[in-house]
file input_37.csv (CSV, N, CA and C atoms)
chain,number,residue,atom,x,y,z
A,690,MET,N,97.0,111.2,86.1
A,690,MET,CA,97.7,111.2,87.3
A,690,MET,C,98.3,109.8,87.6
A,691,LYS,N,97.8,108.8,87.0
A,691,LYS,CA,98.3,107.5,87.2
A,691,LYS,C,99.7,107.3,86.5
A,692,ILE,N,99.9,108.0,85.5
A,692,ILE,CA,101.2,108.0,84.8
A,692,ILE,C,102.3,108.5,85.7
A,693,ARG,N,102.0,109.6,86.4
A,693,ARG,CA,103.0,110.1,87.4
A,693,ARG,C,103.3,109.1,88.5
A,694,ALA,N,102.3,108.5,89.0
A,694,ALA,CA,102.5,107.6,90.1
A,694,ALA,C,103.3,106.4,89.6
A,695,TRP,N,102.9,105.8,88.5
A,695,TRP,CA,103.7,104.7,88.0
A,695,TRP,C,105.1,105.0,87.6
A,696,SER,N,105.3,106.2,87.1
A,696,SER,CA,106.7,106.6,86.7
A,696,SER,C,107.5,106.8,88.0
A,697,ALA,N,106.9,107.3,89.1
A,697,ALA,CA,107.6,107.4,90.3
A,697,ALA,C,107.9,106.0,90.9
A,698,VAL,N,107.0,105.1,90.8
A,698,VAL,CA,107.3,103.7,91.3
A,698,VAL,C,108.5,103.1,90.4
A,699,ALA,N,108.4,103.3,89.1
A,699,ALA,CA,109.5,102.8,88.2
A,699,ALA,C,110.8,103.5,88.6
A,700,MET,N,110.8,104.8,88.9
A,700,MET,CA,112.1,105.4,89.2
A,700,MET,C,112.6,104.9,90.6
A,701,LEU,N,111.7,104.6,91.5
A,701,LEU,CA,112.2,104.0,92.8
A,701,LEU,C,112.8,102.7,92.5
A,702,ALA,N,112.2,101.9,91.7
A,702,ALA,CA,112.7,100.5,91.4
A,702,ALA,C,114.0,100.6,90.7
A,703,SER,N,114.1,101.5,89.7
A,703,SER,CA,115.4,101.6,89.0
A,703,SER,C,116.5,102.2,89.9
A,704,GLY,N,116.2,103.1,90.8
A,704,GLY,CA,117.1,103.6,91.8
A,704,GLY,C,117.7,102.5,92.7
A,705,VAL,N,116.7,101.7,93.2
A,705,VAL,CA,117.2,100.6,94.1
A,705,VAL,C,118.0,99.6,93.3
A,706,GLY,N,117.6,99.3,92.1
A,706,GLY,CA,118.3,98.3,91.2
A,706,GLY,C,119.7,98.9,90.9
A,707,LEU,N,119.8,100.1,90.7
A,707,LEU,CA,121.1,100.8,90.4
A,707,LEU,C,122.0,100.7,91.6
A,708,SER,N,121.4,101.0,92.8
A,708,SER,CA,122.2,100.9,94.0
A,708,SER,C,122.7,99.5,94.3
A,709,VAL,N,121.9,98.5,94.1
A,709,VAL,CA,122.3,97.1,94.3
A,709,VAL,C,123.4,96.7,93.3
A,710,ALA,N,123.2,97.2,92.1
A,710,ALA,CA,124.2,96.9,91.1
A,710,ALA,C,125.5,97.5,91.4
A,711,GLY,N,125.5,98.7,91.9
A,711,GLY,CA,126.7,99.4,92.3
A,711,GLY,C,127.3,98.8,93.6
A,712,PHE,N,126.5,98.2,94.4
A,712,PHE,CA,127.1,97.5,95.6
A,712,PHE,C,127.8,96.2,95.3
A,713,ILE,N,127.3,95.5,94.3
A,713,ILE,CA,127.9,94.2,94.0
A,713,ILE,C,128.9,94.2,92.9
A,714,ALA,N,129.1,95.4,92.3
A,714,ALA,CA,130.1,95.5,91.3
A,714,ALA,C,131.5,95.8,91.9
A,715,PRO,N,132.6,95.4,91.3
A,715,PRO,CA,133.9,95.6,91.9
A,715,PRO,C,134.2,97.1,92.0
A,716,PRO,N,134.7,97.6,93.0
A,716,PRO,CA,135.2,96.9,94.3
A,716,PRO,C,133.9,96.6,95.1
A,717,PHE,N,133.9,95.4,95.6
A,717,PHE,CA,132.7,94.9,96.3
A,717,PHE,C,132.5,95.6,97.6
A,718,GLY,N,131.2,95.9,97.9
A,718,GLY,CA,130.9,96.6,99.1
A,718,GLY,C,131.0,98.1,99.1
A,719,GLU,N,131.4,98.7,98.0
A,719,GLU,CA,131.6,100.1,98.0
A,719,GLU,C,130.8,100.7,96.9
A,720,ILE,N,130.0,101.7,97.2
A,720,ILE,CA,129.2,102.4,96.2
A,720,ILE,C,129.8,103.7,95.8
A,721,SER,N,130.0,103.9,94.5
A,721,SER,CA,130.6,105.1,94.0
A,721,SER,C,129.7,106.3,94.2
A,722,ASP,N,130.3,107.5,94.2
A,722,ASP,CA,129.5,108.7,94.3
A,722,ASP,C,128.5,108.9,93.2
A,723,SER,N,128.8,108.5,92.0
A,723,SER,CA,127.9,108.7,90.9
A,723,SER,C,126.7,107.8,91.0
A,724,VAL,N,126.8,106.6,91.6
A,724,VAL,CA,125.6,105.8,91.8
A,724,VAL,C,124.7,106.4,92.9
A,725,LEU,N,125.4,106.9,93.9
A,725,LEU,CA,124.6,107.6,95.0
A,725,LEU,C,123.9,108.8,94.4
A,726,TRP,N,124.6,109.6,93.6
A,726,TRP,CA,124.0,110.8,93.0
A,726,TRP,C,122.7,110.4,92.1
A,727,CYS,N,122.9,109.4,91.3
A,727,CYS,CA,121.7,108.9,90.5
A,727,CYS,C,120.6,108.4,91.3
A,728,PHE,N,120.9,107.7,92.4
A,728,PHE,CA,119.9,107.2,93.3
A,728,PHE,C,119.2,108.4,94.0
A,729,ALA,N,119.9,109.4,94.4
A,729,ALA,CA,119.3,110.6,94.9
A,729,ALA,C,118.4,111.3,93.9
A,730,GLN,N,118.8,111.4,92.7
A,730,GLN,CA,117.9,112.0,91.6
A,730,GLN,C,116.6,111.2,91.5
A,731,CYS,N,116.7,109.8,91.5
A,731,CYS,CA,115.5,109.0,91.4
A,731,CYS,C,114.6,109.3,92.6
A,732,LEU,N,115.1,109.4,93.8
A,732,LEU,CA,114.3,109.7,94.9
A,732,LEU,C,113.7,111.1,94.8
A,733,MET,N,114.4,112.0,94.3
A,733,MET,CA,113.8,113.4,94.2
A,733,MET,C,112.7,113.4,93.2
A,734,TYR,N,112.9,112.7,92.0
A,734,TYR,CA,111.8,112.6,91.0
A,734,TYR,C,110.6,112.0,91.6
A,735,ALA,N,110.8,110.8,92.3
A,735,ALA,CA,109.6,110.1,92.8
A,735,ALA,C,108.9,111.0,93.9
A,736,GLY,N,109.6,111.6,94.7
A,736,GLY,CA,109.0,112.5,95.7
A,736,GLY,C,108.3,113.7,95.1
A,737,THR,N,108.8,114.2,94.0
A,737,THR,CA,108.2,115.3,93.4
A,737,THR,C,106.9,114.8,92.7
A,738,ALA,N,107.0,113.7,91.9
A,738,ALA,CA,105.8,113.2,91.2
A,738,ALA,C,104.7,112.8,92.2
A,739,LEU,N,105.0,112.2,93.3
A,739,LEU,CA,104.0,111.8,94.2
A,739,LEU,C,103.5,113.0,95.0
A,740,GLY,N,104.3,114.0,95.3
A,740,GLY,CA,103.9,115.2,95.9
A,740,GLY,C,102.9,116.0,95.1
A,741,ILE,N,103.2,116.1,93.8
A,741,ILE,CA,102.3,116.8,92.9
A,741,ILE,C,100.9,116.1,92.9
A,742,ASP,N,100.9,114.8,92.9
A,742,ASP,CA,99.6,114.1,92.9
A,742,ASP,C,98.8,114.4,94.2
A,743,VAL,N,99.5,114.3,95.3
A,743,VAL,CA,98.8,114.6,96.6
A,743,VAL,C,98.3,116.0,96.6
A,744,MET,N,99.1,117.0,96.1
A,744,MET,CA,98.7,118.4,96.2
A,744,MET,C,97.5,118.6,95.3
A,745,VAL,N,97.5,118.0,94.1
A,745,VAL,CA,96.4,118.2,93.1
A,745,VAL,C,95.1,117.6,93.7
A,746,ASP,N,95.2,116.4,94.2
A,746,ASP,CA,94.1,115.7,94.8
A,746,ASP,C,93.5,116.5,96.0
A,747,TYR,N,94.4,117.1,96.8
A,747,TYR,CA,93.9,117.9,98.0
A,747,TYR,C,93.2,119.1,97.5
A,748,LYS,N,93.7,119.8,96.5
A,748,LYS,CA,93.1,121.0,96.0
A,748,LYS,C,91.8,120.8,95.3
A,749,LEU,N,91.7,119.6,94.6
A,749,LEU,CA,90.4,119.3,93.9
A,749,LEU,C,89.4,119.0,95.0
A,750,ARG,N,89.7,118.2,96.0
A,750,ARG,CA,88.8,117.9,97.0
A,750,ARG,C,88.3,119.1,97.8
A,751,ARG,N,89.3,120.0,98.0
A,751,ARG,CA,88.9,121.3,98.7
A,751,ARG,C,88.0,122.1,97.9
A,752,SER,N,88.2,122.2,96.6
A,752,SER,CA,87.4,123.0,95.8
A,752,SER,C,86.0,122.4,95.6
A,753,LYS,N,85.9,121.1,95.6
A,753,LYS,CA,84.5,120.5,95.6
A,753,LYS,C,83.7,120.7,96.8
A,754,ASP,N,84.4,120.7,98.0
A,754,ASP,CA,83.7,121.0,99.2
A,754,ASP,C,83.2,122.4,99.4
A,755,GLU,N,83.8,123.3,98.7
A,755,GLU,CA,83.3,124.7,98.8
A,755,GLU,C,82.2,125.0,97.9
call {"tool": "encode", "arguments": {"input": "input_37.csv", "output": "structure tokens"}}
result
Amino acid sequence: MKIRAWSAVAMLASGVGLSVAGFIAPPFGEISDSVLWCFAQCLMYAGTALGIDVMVDYKLRRSKDE
């Protein structure tokens, strides 16, 4: 489970880095649609990876309580 969490953090960092790089590249101050699309994909992956971790932890705790 730690691999999923660390890969989600890495995807968030790479998405932010890509967005910053797109913002400072010519034309300055404008982010292209492809950069925004890639950033959205990074956010979706991170949300999915972290959501799976939360769901699995919740179900394991619930099954132990029963």
call {"tool": "residues_around", "arguments": {"input": "input_37.csv", "residues": "range 739-749 of chain A", "least_positions_apart": "4", "cutoff": "8 Å", "atoms": "all atoms listed in the file", "output": "PyMOL selection string"}}
result
chain A and resi 690+693-694+696-698+733-735+753-755
call {"tool": "atom_distance", "arguments": {"input": "input_37.csv", "atom1": "CA of Leu732 in chain A", "atom2": "atom C of Gly704 in chain A"}}
result
8.3 Å
call {"tool": "atom_distance", "arguments": {"input": "input_37.csv", "atom1": "CA of Ala714 in chain A", "atom2": "atom N of Trp695 in chain A"}}
result
29.2 Å
call {"tool": "atom_distance", "arguments": {"input": "input_37.csv", "atom1": "CA of Leu725 in chain A", "atom2": "atom N of Ile692 in chain A"}}
result
26.5 Å
call {"tool": "select_by_dssp", "arguments": {"input": "input_37.csv", "residues": "chain A", "states": "helix (DSSP H, G or I)", "output": "VMD selection string"}}
result
chain A and resid 691 to 713 722 to 754
call {"tool": "closest_residue", "arguments": {"input": "input_37.csv", "among": "A:Gly736, A:Val724, A:Gln730, A:Lys691", "to": "Ser708 in chain A", "atoms": "all atoms listed in the file"}}
result
A:Val724
call {"tool": "axis_aligned_box", "arguments": {"input": "input_37.csv", "around": "range 713-730 of chain A", "padding_each_side": "6 Å", "output": "AutoDock Vina command-line options"}}
result
--center_x 125.9 --center_y 103.1 --center_z 94.8 --size_x 30.6 --size_y 29.8 --size_z 20.6
